[in-house]
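Structure data follow from work_37.pdb (PDB, C-alpha atoms):
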```pdb
ATOM      1  CA  MET A   1      40.938 -23.609 -13.406
ATOM      2  CA  ARG A   2      42.398 -25.093 -10.250
ATOM      3  CA  ARG A   3      41.708 -28.752  -9.733
ATOM      4  CA  ARG A   4      40.253 -29.654  -6.343
ATOM      5  CA  THR A   5      42.278 -32.206  -4.428
ATOM      6  CA  PRO A   6      40.097 -35.081  -3.148
ATOM      7  CA  GLU A   7      39.767 -35.349   0.597
ATOM      8  CA  ARG A   8      42.473 -37.810   1.675
ATOM      9  CA  HIS A   9      40.883 -38.984   4.897
ATOM     10  CA  GLY A  10      37.182 -38.607   4.203
ATOM     11  CA  THR A  11      35.975 -42.199   3.993
ATOM     12  CA  LYS A  12      35.030 -44.465   6.845
ATOM     13  CA  ARG A  13      37.720 -46.921   5.843
ATOM     14  CA  ASP A  14      40.338 -44.158   5.875
ATOM     15  CA  ARG A  15      39.183 -43.177   9.353
ATOM     16  CA  LEU A  16      39.468 -46.739  10.684
ATOM     17  CA  ALA A  17      42.911 -47.149   9.127
ATOM     18  CA  ARG A  18      43.980 -43.819  10.614
ATOM     19  CA  LEU A  19      42.811 -44.777  14.108
ATOM     20  CA  VAL A  20      44.740 -48.033  13.830
ATOM     21  CA  ARG A  21      47.858 -46.026  12.942
ATOM     22  CA  VAL A  22      47.227 -43.759  15.958
ATOM     23  CA  ILE A  23      47.066 -46.800  18.257
ATOM     24  CA  MET A  24      50.266 -48.173  16.729
ATOM     25  CA  ALA A  25      52.065 -44.852  17.211
ATOM     26  CA  LEU A  26      50.944 -44.473  20.827
ATOM     27  CA  ASN A  27      51.698 -48.095  21.618
ATOM     28  CA  ALA A  28      55.229 -47.666  20.253
ATOM     29  CA  HIS A  29      55.861 -44.699  22.597
ATOM     30  CA  PRO A  30      54.764 -45.521  26.155
ATOM     31  CA  GLU A  31      56.396 -42.254  27.274
ATOM     32  CA  GLY A  32      53.841 -40.371  25.154
ATOM     33  CA  VAL A  33      53.997 -38.210  22.025
ATOM     34  CA  THR A  34      53.046 -34.651  21.213
ATOM     35  CA  ALA A  35      50.209 -33.844  18.835
ATOM     36  CA  ASN A  36      52.760 -32.695  16.263
ATOM     37  CA  GLN A  37      54.665 -35.974  16.508
ATOM     38  CA  LEU A  38      51.441 -37.962  16.185
ATOM     39  CA  ALA A  39      50.360 -35.899  13.184
ATOM     40  CA  ALA A  40      53.682 -36.601  11.474
ATOM     41  CA  ALA A  41      53.514 -40.325  12.275
ATOM     42  CA  THR A  42      49.974 -40.708  10.933
ATOM     43  CA  ASP A  43      50.264 -38.226   8.038
ATOM     44  CA  VAL A  44      47.457 -35.881   9.145
ATOM     45  CA  SER A  45      47.173 -32.303  10.297
ATOM     46  CA  ARG A  46      47.709 -31.338  13.935
ATOM     47  CA  ARG A  47      43.991 -30.564  14.241
ATOM     48  CA  GLN A  48      43.086 -34.003  12.855
ATOM     49  CA  ALA A  49      45.502 -35.639  15.298
ATOM     50  CA  TYR A  50      43.599 -34.041  18.181
ATOM     51  CA  ARG A  51      40.295 -35.264  16.729
ATOM     52  CA  ASP A  52      41.636 -38.788  16.448
ATOM     53  CA  LEU A  53      42.848 -38.782  20.048
ATOM     54  CA  HIS A  54      39.421 -37.730  21.269
ATOM     55  CA  ALA A  55      37.740 -40.292  19.001
ATOM     56  CA  LEU A  56      39.836 -43.077  20.518
ATOM     57  CA  ASP A  57      38.876 -42.025  24.023
ATOM     58  CA  GLU A  58      35.190 -41.259  23.445
ATOM     59  CA  GLU A  59      34.085 -43.668  20.715
ATOM     60  CA  THR A  60      36.181 -46.810  21.014
ATOM     61  CA  GLY A  61      36.719 -46.986  24.749
ATOM     62  CA  ILE A  62      40.499 -47.055  24.305
ATOM     63  CA  GLY A  63      41.648 -44.740  27.074
ATOM     64  CA  VAL A  64      44.319 -42.111  26.439
ATOM     65  CA  TRP A  65      46.153 -39.820  28.856
ATOM     66  CA  ASN A  66      47.429 -36.269  28.393
ATOM     67  CA  ASP A  67      50.238 -34.875  30.511
ATOM     68  CA  GLY A  68      51.728 -31.500  29.632
ATOM     69  CA  GLY A  69      50.944 -31.837  25.949
ATOM     70  CA  ARG A  70      52.130 -35.427  25.630
ATOM     71  CA  TRP A  71      49.577 -38.114  24.796
ATOM     72  CA  GLY A  72      49.713 -41.854  25.442
ATOM     73  CA  LEU A  73      47.639 -44.976  25.938
ATOM     74  CA  MET A  74      46.286 -45.746  29.384
ATOM     75  CA  GLU A  75      48.088 -48.694  30.941
ATOM     76  CA  GLU A  76      44.993 -50.892  30.767
ATOM     77  CA  ALA A  77      44.125 -49.875  27.182
ATOM     78  CA  LEU A  78      46.044 -52.728  25.571
ATOM     79  CA  LEU A  79      47.336 -56.086  26.616
ATOM     80  CA  PRO A  80      51.121 -56.510  26.611
ATOM     81  CA  SER A  81      52.489 -56.638  23.080
ATOM     82  CA  LEU A  82      51.875 -59.975  21.418
ATOM     83  CA  LYS A  83      54.816 -61.750  19.839
ATOM     84  CA  LEU A  84      52.986 -63.368  16.954
ATOM     85  CA  THR A  85      54.377 -65.425  14.118
ATOM     86  CA  VAL A  86      52.822 -64.680  10.749
ATOM     87  CA  HIS A  87      50.864 -67.942  11.012
ATOM     88  CA  GLU A  88      49.488 -66.975  14.433
ATOM     89  CA  ALA A  89      48.568 -63.542  13.095
ATOM     90  CA  MET A  90      46.746 -65.265  10.241
ATOM     91  CA  ALA A  91      44.707 -67.246  12.783
ATOM     92  CA  PHE A  92      43.515 -63.995  14.395
ATOM     93  CA  PHE A  93      42.707 -62.532  11.000
ATOM     94  CA  VAL A  94      40.614 -65.567  10.047
ATOM     95  CA  ALA A  95      38.725 -65.251  13.355
ATOM     96  CA  ALA A  96      37.943 -61.622  12.549
ATOM     97  CA  ARG A  97      36.724 -62.550   9.070
ATOM     98  CA  LEU A  98      34.455 -65.270  10.443
ATOM     99  CA  LEU A  99      32.977 -62.830  12.940
ATOM    100  CA  ALA A 100      32.348 -60.237  10.231
ATOM    101  CA  ARG A 101      30.579 -62.829   8.077
ATOM    102  CA  PHE A 102      28.401 -64.365  10.755
ATOM    103  CA  ALA A 103      27.509 -61.470  13.075
ATOM    104  CA  ASP A 104      24.201 -59.876  12.066
ATOM    105  CA  GLU A 105      24.469 -57.067  14.621
ATOM    106  CA  HIS A 106      27.158 -54.424  14.951
ATOM    107  CA  ALA A 107      29.141 -55.345  18.073
ATOM    108  CA  ALA A 108      31.207 -52.354  19.155
ATOM    109  CA  GLU A 109      33.246 -54.456  21.595
ATOM    110  CA  PHE A 110      34.323 -56.833  18.839
ATOM    111  CA  ALA A 111      35.154 -53.936  16.524
ATOM    112  CA  ASP A 112      37.227 -52.230  19.228
ATOM    113  CA  ALA A 113      39.039 -55.472  20.033
ATOM    114  CA  PHE A 114      39.973 -56.059  16.404
ATOM    115  CA  MET A 115      41.065 -52.441  16.036
ATOM    116  CA  LYS A 116      43.544 -53.035  18.864
ATOM    117  CA  LEU A 117      44.592 -56.306  17.277
ATOM    118  CA  ALA A 118      45.260 -54.593  13.953
ATOM    119  CA  ALA A 119      47.803 -52.380  15.719
ATOM    120  CA  VAL A 120      50.074 -55.366  16.410
ATOM    121  CA  LEU A 121      49.577 -57.333  13.178
ATOM    122  CA  PRO A 122      51.918 -57.268  10.182
ATOM    123  CA  LYS A 123      51.070 -54.381   7.834
ATOM    124  CA  THR A 124      49.413 -56.469   5.106
ATOM    125  CA  LEU A 125      47.125 -58.305   7.536
ATOM    126  CA  ALA A 126      46.419 -55.070   9.411
ATOM    127  CA  GLU A 127      45.174 -53.449   6.199
ATOM    128  CA  HIS A 128      42.859 -56.383   5.506
ATOM    129  CA  LEU A 129      41.646 -56.270   9.099
ATOM    130  CA  VAL A 130      40.762 -52.604   8.627
ATOM    131  CA  ASP A 131      38.582 -53.685   5.686
ATOM    132  CA  THR A 132      36.947 -56.203   8.004
ATOM    133  CA  LEU A 133      36.283 -53.480  10.572
ATOM    134  CA  ASP A 134      34.652 -51.388   7.865
ATOM    135  CA  GLU A 135      32.467 -54.359   6.937
ATOM    136  CA  MET A 136      31.457 -54.862  10.574
ATOM    137  CA  ALA A 137      30.607 -51.167  10.916
ATOM    138  CA  ARG A 138      27.950 -51.510   8.204
ATOM    139  CA  ALA A 139      25.923 -53.969  10.305
ATOM    140  CA  PRO A 140      22.838 -52.517  12.046
ATOM    141  CA  VAL A 141      23.176 -51.311  15.632
ATOM    142  CA  ASP A 142      20.792 -52.617  18.307
ATOM    143  CA  ASP A 143      21.422 -50.810  21.582
ATOM    144  CA  ALA A 144      19.220 -53.148  23.639
ATOM    145  CA  TYR A 145      21.005 -56.203  22.273
ATOM    146  CA  ARG A 146      24.369 -54.617  23.033
ATOM    147  CA  ARG A 147      23.339 -53.905  26.643
ATOM    148  CA  HIS A 148      22.133 -57.466  27.070
ATOM    149  CA  VAL A 149      25.405 -58.908  25.752
ATOM    150  CA  ARG A 150      27.384 -56.643  28.081
ATOM    151  CA  ASP A 151      25.286 -57.547  31.132
ATOM    152  CA  LEU A 152      25.406 -61.257  30.373
ATOM    153  CA  THR A 153      29.160 -61.104  29.794
ATOM    154  CA  ARG A 154      29.624 -59.412  33.145
ATOM    155  CA  ALA A 155      27.430 -61.982  34.886
ATOM    156  CA  TRP A 156      29.334 -64.805  33.196
ATOM    157  CA  ALA A 157      32.718 -63.350  34.189
ATOM    158  CA  GLU A 158      31.655 -62.651  37.785
ATOM    159  CA  GLY A 159      29.679 -65.858  38.323
ATOM    160  CA  ARG A 160      26.429 -63.993  39.051
ATOM    161  CA  ILE A 161      22.891 -65.250  38.599
ATOM    162  CA  VAL A 162      20.788 -63.268  36.116
ATOM    163  CA  GLN A 163      17.054 -62.884  35.737
ATOM    164  CA  ILE A 164      15.964 -62.667  32.118
ATOM    165  CA  THR A 165      12.702 -62.154  30.274
ATOM    166  CA  TYR A 166      12.727 -64.536  27.336
ATOM    167  CA  ASP A 167      10.458 -64.564  24.280
ATOM    168  CA  ALA A 168       9.985 -68.181  23.231
ATOM    169  CA  ALA A 169       7.102 -67.465  20.865
ATOM    170  CA  VAL A 170       9.178 -67.450  17.683
ATOM    171  CA  TYR A 171       8.740 -71.195  17.147
ATOM    172  CA  ASP A 172       5.613 -71.688  19.223
ATOM    173  CA  PRO A 173       3.245 -68.696  19.752
ATOM    174  CA  ALA A 174       1.553 -70.577  22.594
ATOM    175  CA  ARG A 175       4.721 -70.456  24.698
ATOM    176  CA  GLY A 176       4.848 -66.645  24.880
ATOM    177  CA  THR A 177       7.278 -64.821  27.169
ATOM    178  CA  ARG A 178       8.581 -66.107  30.476
ATOM    179  CA  THR A 179      10.925 -64.991  33.247
ATOM    180  CA  ALA A 180      13.867 -67.234  34.107
ATOM    181  CA  ARG A 181      16.707 -67.193  36.635
ATOM    182  CA  VAL A 182      19.830 -68.437  34.882
ATOM    183  CA  HIS A 183      23.382 -69.319  35.928
ATOM    184  CA  PRO A 184      25.451 -68.193  32.895
ATOM    185  CA  TYR A 185      27.877 -70.946  31.922
ATOM    186  CA  LEU A 186      28.827 -69.850  28.439
ATOM    187  CA  ILE A 187      28.182 -67.356  25.632
ATOM    188  CA  GLU A 188      28.528 -69.173  22.330
ATOM    189  CA  PRO A 189      28.333 -67.969  18.696
ATOM    190  CA  SER A 190      26.306 -69.910  16.145
ATOM    191  CA  ALA A 191      27.455 -70.315  12.566
ATOM    192  CA  LEU A 192      24.035 -71.746  11.702
ATOM    193  CA  THR A 193      21.898 -68.792  12.795
ATOM    194  CA  HIS A 194      24.498 -65.966  12.815
ATOM    195  CA  ALA A 195      23.655 -65.233  16.452
ATOM    196  CA  LEU A 196      24.946 -65.401  20.026
ATOM    197  CA  TYR A 197      23.508 -67.812  22.580
ATOM    198  CA  LEU A 198      23.547 -67.942  26.364
ATOM    199  CA  VAL A 199      24.080 -71.438  27.767
ATOM    200  CA  GLY A 200      23.309 -71.832  31.446
ATOM    201  CA  HIS A 201      21.417 -73.539  34.238
ATOM    202  CA  ASP A 202      17.715 -72.653  34.198
ATOM    203  CA  GLU A 203      16.515 -72.791  37.819
ATOM    204  CA  GLU A 204      12.858 -73.292  36.877
ATOM    205  CA  ARG A 205      13.625 -76.128  34.456
ATOM    206  CA  GLY A 206      16.281 -77.570  36.748
ATOM    207  CA  ALA A 207      18.598 -78.216  33.809
ATOM    208  CA  THR A 208      21.011 -76.603  31.362
ATOM    209  CA  ARG A 209      19.214 -74.614  28.663
ATOM    210  CA  THR A 210      20.194 -72.574  25.604
ATOM    211  CA  PHE A 211      18.812 -69.058  25.060
ATOM    212  CA  LYS A 212      19.170 -67.029  21.874
ATOM    213  CA  ILE A 213      20.269 -63.585  23.051
ATOM    214  CA  GLU A 214      18.200 -61.778  20.386
ATOM    215  CA  ARG A 215      15.081 -63.200  22.062
ATOM    216  CA  ILE A 216      16.021 -61.911  25.514
ATOM    217  CA  ARG A 217      13.863 -58.863  26.257
ATOM    218  CA  SER A 218      15.455 -57.822  29.568
ATOM    219  CA  VAL A 219      18.443 -58.745  31.745
ATOM    220  CA  SER A 220      18.850 -58.062  35.477
ATOM    221  CA  LEU A 221      22.008 -58.974  37.365
ATOM    222  CA  THR A 222      21.318 -60.281  40.851
ATOM    223  CA  PRO A 223      23.783 -60.022  43.751
ATOM    224  CA  GLU A 224      23.655 -63.820  44.092
ATOM    225  CA  THR A 225      26.570 -65.872  42.823
ATOM    226  CA  PHE A 226      26.931 -69.495  41.725
ATOM    227  CA  GLU A 227      29.625 -72.076  41.133
ATOM    228  CA  PRO A 228      29.649 -73.837  37.752
ATOM    229  CA  PRO A 229      29.579 -77.641  37.833
ATOM    230  CA  ALA A 230      32.912 -79.251  38.618
ATOM    231  CA  GLY A 231      34.909 -79.833  35.473
ATOM    232  CA  PHE A 232      32.522 -77.791  33.340
ATOM    233  CA  ARG A 233      33.967 -76.920  29.949
ATOM    234  CA  ALA A 234      32.426 -75.562  26.758
ATOM    235  CA  GLY A 235      33.478 -78.741  24.991
ATOM    236  CA  SER A 236      31.620 -80.922  27.472
ATOM    237  CA  VAL A 237      28.282 -79.093  27.429
ATOM    238  CA  LEU A 238      28.360 -78.807  23.636
ATOM    239  CA  ALA A 239      29.838 -82.244  22.955
ATOM    240  CA  GLY A 240      26.694 -83.553  21.286
ATOM    241  CA  ALA A 241      25.537 -80.256  19.775
ATOM    242  CA  TRP A 242      25.394 -79.865  16.042
ATOM    243  CA  ASP A 243      25.875 -76.144  16.549
ATOM    244  CA  VAL A 244      24.983 -74.634  19.948
ATOM    245  CA  ILE A 245      22.050 -76.694  21.265
ATOM    246  CA  GLY A 246      23.610 -79.250  23.577
ATOM    247  CA  ASP A 247      20.802 -79.552  26.122
ATOM    248  CA  GLN A 248      18.642 -82.077  24.222
ATOM    249  CA  PRO A 249      18.748 -85.894  24.571
ATOM    250  CA  PRO A 250      21.243 -87.463  22.151
ATOM    251  CA  MET A 251      19.883 -89.283  19.124
ATOM    252  CA  ASP A 252      21.664 -91.610  16.707
ATOM    253  CA  VAL A 253      21.313 -90.155  13.210
ATOM    254  CA  VAL A 254      22.006 -92.382  10.197
ATOM    255  CA  LEU A 255      22.027 -90.897   6.704
ATOM    256  CA  ARG A 256      22.709 -92.142   3.184
ATOM    257  CA  PHE A 257      24.318 -89.655   0.791
ATOM    258  CA  SER A 258      24.122 -90.222  -2.949
ATOM    259  CA  PRO A 259      27.257 -90.875  -5.035
ATOM    260  CA  ALA A 260      26.907 -87.341  -6.468
ATOM    261  CA  VAL A 261      27.793 -85.709  -3.135
ATOM    262  CA  ALA A 262      29.505 -88.504  -1.202
ATOM    263  CA  ALA A 263      33.033 -87.156  -1.761
ATOM    264  CA  ARG A 264      32.025 -83.625  -0.716
ATOM    265  CA  VAL A 265      30.425 -84.903   2.470
ATOM    266  CA  ALA A 266      33.408 -87.111   3.307
ATOM    267  CA  GLU A 267      35.989 -84.308   3.028
ATOM    268  CA  THR A 268      34.556 -82.400   6.023
ATOM    269  CA  ARG A 269      34.241 -83.371   9.677
ATOM    270  CA  TRP A 270      30.698 -82.196  10.334
ATOM    271  CA  HIS A 271      30.413 -83.587  13.877
ATOM    272  CA  ARG A 272      32.948 -84.931  16.316
ATOM    273  CA  SER A 273      31.110 -88.268  16.623
ATOM    274  CA  GLN A 274      30.591 -88.919  12.907
ATOM    275  CA  VAL A 275      31.424 -92.290  11.389
ATOM    276  CA  LEU A 276      31.693 -92.677   7.616
ATOM    277  CA  GLU A 277      31.180 -95.912   5.669
ATOM    278  CA  PRO A 278      31.677 -95.715   1.877
ATOM    279  CA  GLN A 279      29.320 -98.088   0.049
ATOM    280  CA  PRO A 280      30.059-100.274  -3.024
ATOM    281  CA  ASP A 281      27.656 -98.235  -5.186
ATOM    282  CA  GLY A 282      29.548 -94.975  -4.442
ATOM    283  CA  SER A 283      27.100 -93.711  -1.860
ATOM    284  CA  LEU A 284      28.112 -92.856   1.702
ATOM    285  CA  SER A 285      26.658 -94.017   5.001
ATOM    286  CA  TRP A 286      27.000 -91.257   7.604
ATOM    287  CA  ARG A 287      26.159 -91.662  11.299
ATOM    288  CA  ALA A 288      26.590 -89.561  14.447
ATOM    289  CA  ALA A 289      25.153 -89.105  17.952
ATOM    290  CA  VAL A 290      23.592 -85.626  17.863
ATOM    291  CA  SER A 291      21.866 -83.559  20.540
ATOM    292  CA  GLY A 292      18.256 -83.251  19.345
ATOM    293  CA  PRO A 293      16.955 -83.077  15.774
ATOM    294  CA  HIS A 294      16.485 -79.331  15.204
ATOM    295  CA  GLU A 295      19.936 -78.182  14.087
ATOM    296  CA  VAL A 296      20.977 -81.305  12.179
ATOM    297  CA  ARG A 297      17.621 -81.288  10.352
ATOM    298  CA  ILE A 298      18.466 -77.898   8.822
ATOM    299  CA  TRP A 299      21.768 -79.325   7.552
ATOM    300  CA  ILE A 300      20.063 -82.414   6.148
ATOM    301  CA  LEU A 301      17.508 -80.344   4.242
ATOM    302  CA  GLY A 302      20.328 -78.353   2.663
ATOM    303  CA  TRP A 303      21.429 -81.463   0.740
ATOM    304  CA  GLY A 304      18.051 -81.775  -0.986
ATOM    305  CA  ASP A 305      17.364 -85.140  -2.584
ATOM    306  CA  ASP A 306      21.004 -86.218  -2.335
ATOM    307  CA  VAL A 307      20.478 -87.448   1.216
ATOM    308  CA  GLU A 308      18.067 -89.925   2.778
ATOM    309  CA  VAL A 309      17.406 -90.190   6.508
ATOM    310  CA  LEU A 310      17.567 -93.842   7.545
ATOM    311  CA  ALA A 311      17.268 -93.293  11.312
ATOM    312  CA  PRO A 312      15.717 -92.333  13.606
ATOM    313  CA  ALA A 313      12.244 -92.925  12.205
ATOM    314  CA  SER A 314      10.888 -89.726  13.763
ATOM    315  CA  LEU A 315      13.462 -87.583  11.935
ATOM    316  CA  ARG A 316      12.890 -89.495   8.691
ATOM    317  CA  ASP A 317       9.142 -88.825   8.905
ATOM    318  CA  GLU A 318       9.726 -85.163   9.731
ATOM    319  CA  VAL A 319      12.081 -84.579   6.785
ATOM    320  CA  ALA A 320       9.735 -86.468   4.436
ATOM    321  CA  ALA A 321       6.807 -84.293   5.534
ATOM    322  CA  ILE A 322       8.831 -81.124   4.909
ATOM    323  CA  HIS A 323       9.699 -82.300   1.389
ATOM    324  CA  ARG A 324       6.032 -83.108   0.673
ATOM    325  CA  ARG A 325       4.944 -79.634   1.788
ATOM    326  CA  ALA A 326       7.728 -78.063  -0.277
ATOM    327  CA  ALA A 327       6.661 -80.027  -3.352
ATOM    328  CA  ALA A 328       3.082 -78.832  -2.839
ATOM    329  CA  HIS A 329       4.262 -75.215  -3.007
ATOM    330  CA  TYR A 330       5.406 -75.907  -6.582
ATOM    331  CA  GLY A 331       2.275 -77.816  -7.546
ATOM    332  CA  VAL A 332       4.070 -81.152  -7.630
ATOM    333  CA  ALA A 333       1.855 -84.092  -6.722
ATOM    334  CA  PRO A 334       3.237 -86.788  -4.383
ATOM    335  CA  GLY A 335       4.888 -89.598  -6.328
ATOM    336  CA  THR A 336       5.561 -87.444  -9.392
TER     337      THR A 336
END
```
The structure in this file should be written as structure tokens.
Amino acid sequence: MRRRTPERHGTKRDRLARLVRVIMALNAHPEGVTANQLAAATDVSRRQAYRDLHALDEETGIGVWNDGGRWGLMEEALLPSLKLTVHEAMAFFVAARLLARFADEHAAEFADAFMKLAAVLPKTLAEHLVDTLDEMARAPVDDAYRRHVRDLTRAWAEGRIVQITYDAAVYDPARGTRTARVHPYLIEPSALTHALYLVGHDEERGATRTFKIERIRSVSLTPETFEPPAGFRAGSVLAGAWDVIGDQPPMDVVLRFSPAVAARVAETRWHRSQVLEPQPDGSLSWRAAVSGPHEVRIWILGWGDDVEVLAPASLRDEVAAIHRRAAAHYGVAPGT
């Protein structure tokens, strides 16, 4: 009985790796290649080579040209070849891994960008990046979210005012949905919430505000343009932010970490303004000027009973109340 040969290129990962090889082959021959040459370079049939060329053009947005049977990449398809050291290539790879871990939506633009990047990375890193692309492809697809990100990116790049409908009811049902005209200053990822945020000037509020893009229900680009504040930089607007919320008044946070976790806390720079003071008993005094309590409170709660809030009093009371409610869930009486 004849044994059936497994399909060599049937899995999604194989397909991604194959498309990366197609990009590499086309990029190496700006004069173009024939379908037969491409098939030989990527180890597929001539028919599969044609399918891959059409997939690049139709699914990834990487434009290809065809002239008399020769195929090549459109001039604008890729940036000029990067001359990367292995350490620089590693930096790009780490960025791709972080994105794959923290993005909770499938972002086709990011996947396409990293597919192009894989074409110029050393072989070992390129193979790992293909695995990352496969991981990203498993994330759910939200077409509305994707449109909003695209529109906001365009408005940000072109300096155009946008009108958004924003649902603020997640934390406070009484706030409901509102319409806002925003000057997009920045689109920033959050490691804390695995989401993207729009940072910009809210005309109604008359101040810089932060909007979670998942809560934006509609985006309309206006023909009106704006000029960002002189000297505006991402680092300046987010200087006091714990994560992405930099539009709240700064507050001086003082914490005491127990000896059990003091060394672990001290080995990481959690905030640019932090000051550490080891104590004689092995505990650690930690202080920083943080924009608002919301994001840093989540971090504090993650340390459980190994941290005590010393200041401000409002944050101390808030964290204490959360611990009391948590204890009540487990039937633990206060003071036990």
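Residues lying within 8 Å of range 63-76 of chain A, counting all atoms listed in the file and ignoring same-chain neighbours fewer than 4 positions away, are Ile23, Leu26, Asn27, His29, Pro30, Glu31, Gly32, Val33, Thr34, Ala35, Leu53, Leu56 and Asp57 of chain A.
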Do you know which residues lie at most 10 Å from (14.3, -57.1, 23.6), with coordinates as in the file and all atoms listed in the file counted, and could you write them as a list in words?
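Answer for this query, in the requested form: Asp142, Asp143, Ala144, Tyr145, His148, Thr165, Tyr166, Asp167, Ile213, Glu214, Arg215, Ile216, Arg217, Ser218 and Val219 of chain A.
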Expected selection from the PyMOL selection byres ((chain A and resi 305-315) around 6), given as a PyMOL selection string:
chain A and resi 253-258+303-304+316-318
For Leu121 in chain A, which residue out of A:Glu267, A:Phe92, A:Pro229, A:His183 is the nearest one, using all atoms listed in the file?
A:Phe92
Residues at most 9 Å from range 192-209 of chain A, counting all atoms listed in the file, excluding those fewer than 5 positions away in the same chain, as a ChimeraX atom specification?
/A:101-105,149,152,180-187,214,228,237,243-248,295,298-299
So what do you get for CA of Ala157 in chain A versus CA of Leu221 in chain A, distance-wise?
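Distance reported for this atom pair: 12.0 Å.
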Residues matched by the PyMOL selection byres ((chain A and resi 271-282) around 8) as a PyMOL selection string
chain A and resi 239-240+242+258-259+262+266+269-270+283-289
Quick one: distance from CA of Asp172 in chain A to CA of Val319 in chain A in Å, one decimal?
19.0 Å
For CA of Val20 in chain A and CA of Ala118 in chain A, the interatomic separation in Å (one decimal)
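It comes out at 6.6 Å.
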Give the answer as one residue: which of A:Arg97, A:Arg264, A:Arg175, A:Arg154 has the shortest atom-to-atom distance to His128 in chain A, using all atoms listed in the file?
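Using all atoms listed in the file, the shortest distance to His128 in chain A belongs to A:Arg97.
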Closest to Ala49 in chain A among A:Gly231, A:Asn36, A:Ala327, A:Ser236, using only C-alpha atoms?
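Smallest separation from Ala49 in chain A among the options: A:Asn36.
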Matched chain/residue IDs from the PyMOL selection byres ((chain A and resi 21) around 12), as a PDB file with C-alpha atoms, keeping the file's coordinate frame:
```pdb
ATOM      1  CA  ASP A  14      40.338 -44.158   5.875  1.00  0.00           C
ATOM      2  CA  ARG A  15      39.183 -43.177   9.353  1.00  0.00           C
ATOM      3  CA  LEU A  16      39.468 -46.739  10.684  1.00  0.00           C
ATOM      4  CA  ALA A  17      42.911 -47.149   9.127  1.00  0.00           C
ATOM      5  CA  ARG A  18      43.980 -43.819  10.614  1.00  0.00           C
ATOM      6  CA  LEU A  19      42.811 -44.777  14.108  1.00  0.00           C
ATOM      7  CA  VAL A  20      44.740 -48.033  13.830  1.00  0.00           C
ATOM      8  CA  VAL A  22      47.227 -43.759  15.958  1.00  0.00           C
ATOM      9  CA  ILE A  23      47.066 -46.800  18.257  1.00  0.00           C
ATOM     10  CA  MET A  24      50.266 -48.173  16.729  1.00  0.00           C
ATOM     11  CA  ALA A  25      52.065 -44.852  17.211  1.00  0.00           C
ATOM     12  CA  LEU A  26      50.944 -44.473  20.827  1.00  0.00           C
ATOM     13  CA  ASN A  27      51.698 -48.095  21.618  1.00  0.00           C
ATOM     14  CA  ALA A  28      55.229 -47.666  20.253  1.00  0.00           C
ATOM     15  CA  LEU A  38      51.441 -37.962  16.185  1.00  0.00           C
ATOM     16  CA  ALA A  39      50.360 -35.899  13.184  1.00  0.00           C
ATOM     17  CA  ALA A  40      53.682 -36.601  11.474  1.00  0.00           C
ATOM     18  CA  ALA A  41      53.514 -40.325  12.275  1.00  0.00           C
ATOM     19  CA  THR A  42      49.974 -40.708  10.933  1.00  0.00           C
ATOM     20  CA  ASP A  43      50.264 -38.226   8.038  1.00  0.00           C
ATOM     21  CA  VAL A  44      47.457 -35.881   9.145  1.00  0.00           C
ATOM     22  CA  ALA A  49      45.502 -35.639  15.298  1.00  0.00           C
ATOM     23  CA  ASP A  52      41.636 -38.788  16.448  1.00  0.00           C
ATOM     24  CA  LEU A  53      42.848 -38.782  20.048  1.00  0.00           C
ATOM     25  CA  LEU A  56      39.836 -43.077  20.518  1.00  0.00           C
ATOM     26  CA  MET A 115      41.065 -52.441  16.036  1.00  0.00           C
ATOM     27  CA  LYS A 116      43.544 -53.035  18.864  1.00  0.00           C
ATOM     28  CA  LEU A 117      44.592 -56.306  17.277  1.00  0.00           C
ATOM     29  CA  ALA A 118      45.260 -54.593  13.953  1.00  0.00           C
ATOM     30  CA  ALA A 119      47.803 -52.380  15.719  1.00  0.00           C
ATOM     31  CA  VAL A 120      50.074 -55.366  16.410  1.00  0.00           C
ATOM     32  CA  LEU A 121      49.577 -57.333  13.178  1.00  0.00           C
ATOM     33  CA  LYS A 123      51.070 -54.381   7.834  1.00  0.00           C
ATOM     34  CA  ALA A 126      46.419 -55.070   9.411  1.00  0.00           C
ATOM     35  CA  GLU A 127      45.174 -53.449   6.199  1.00  0.00           C
ATOM     36  CA  VAL A 130      40.762 -52.604   8.627  1.00  0.00           C
TER      37      VAL A 130
END
```
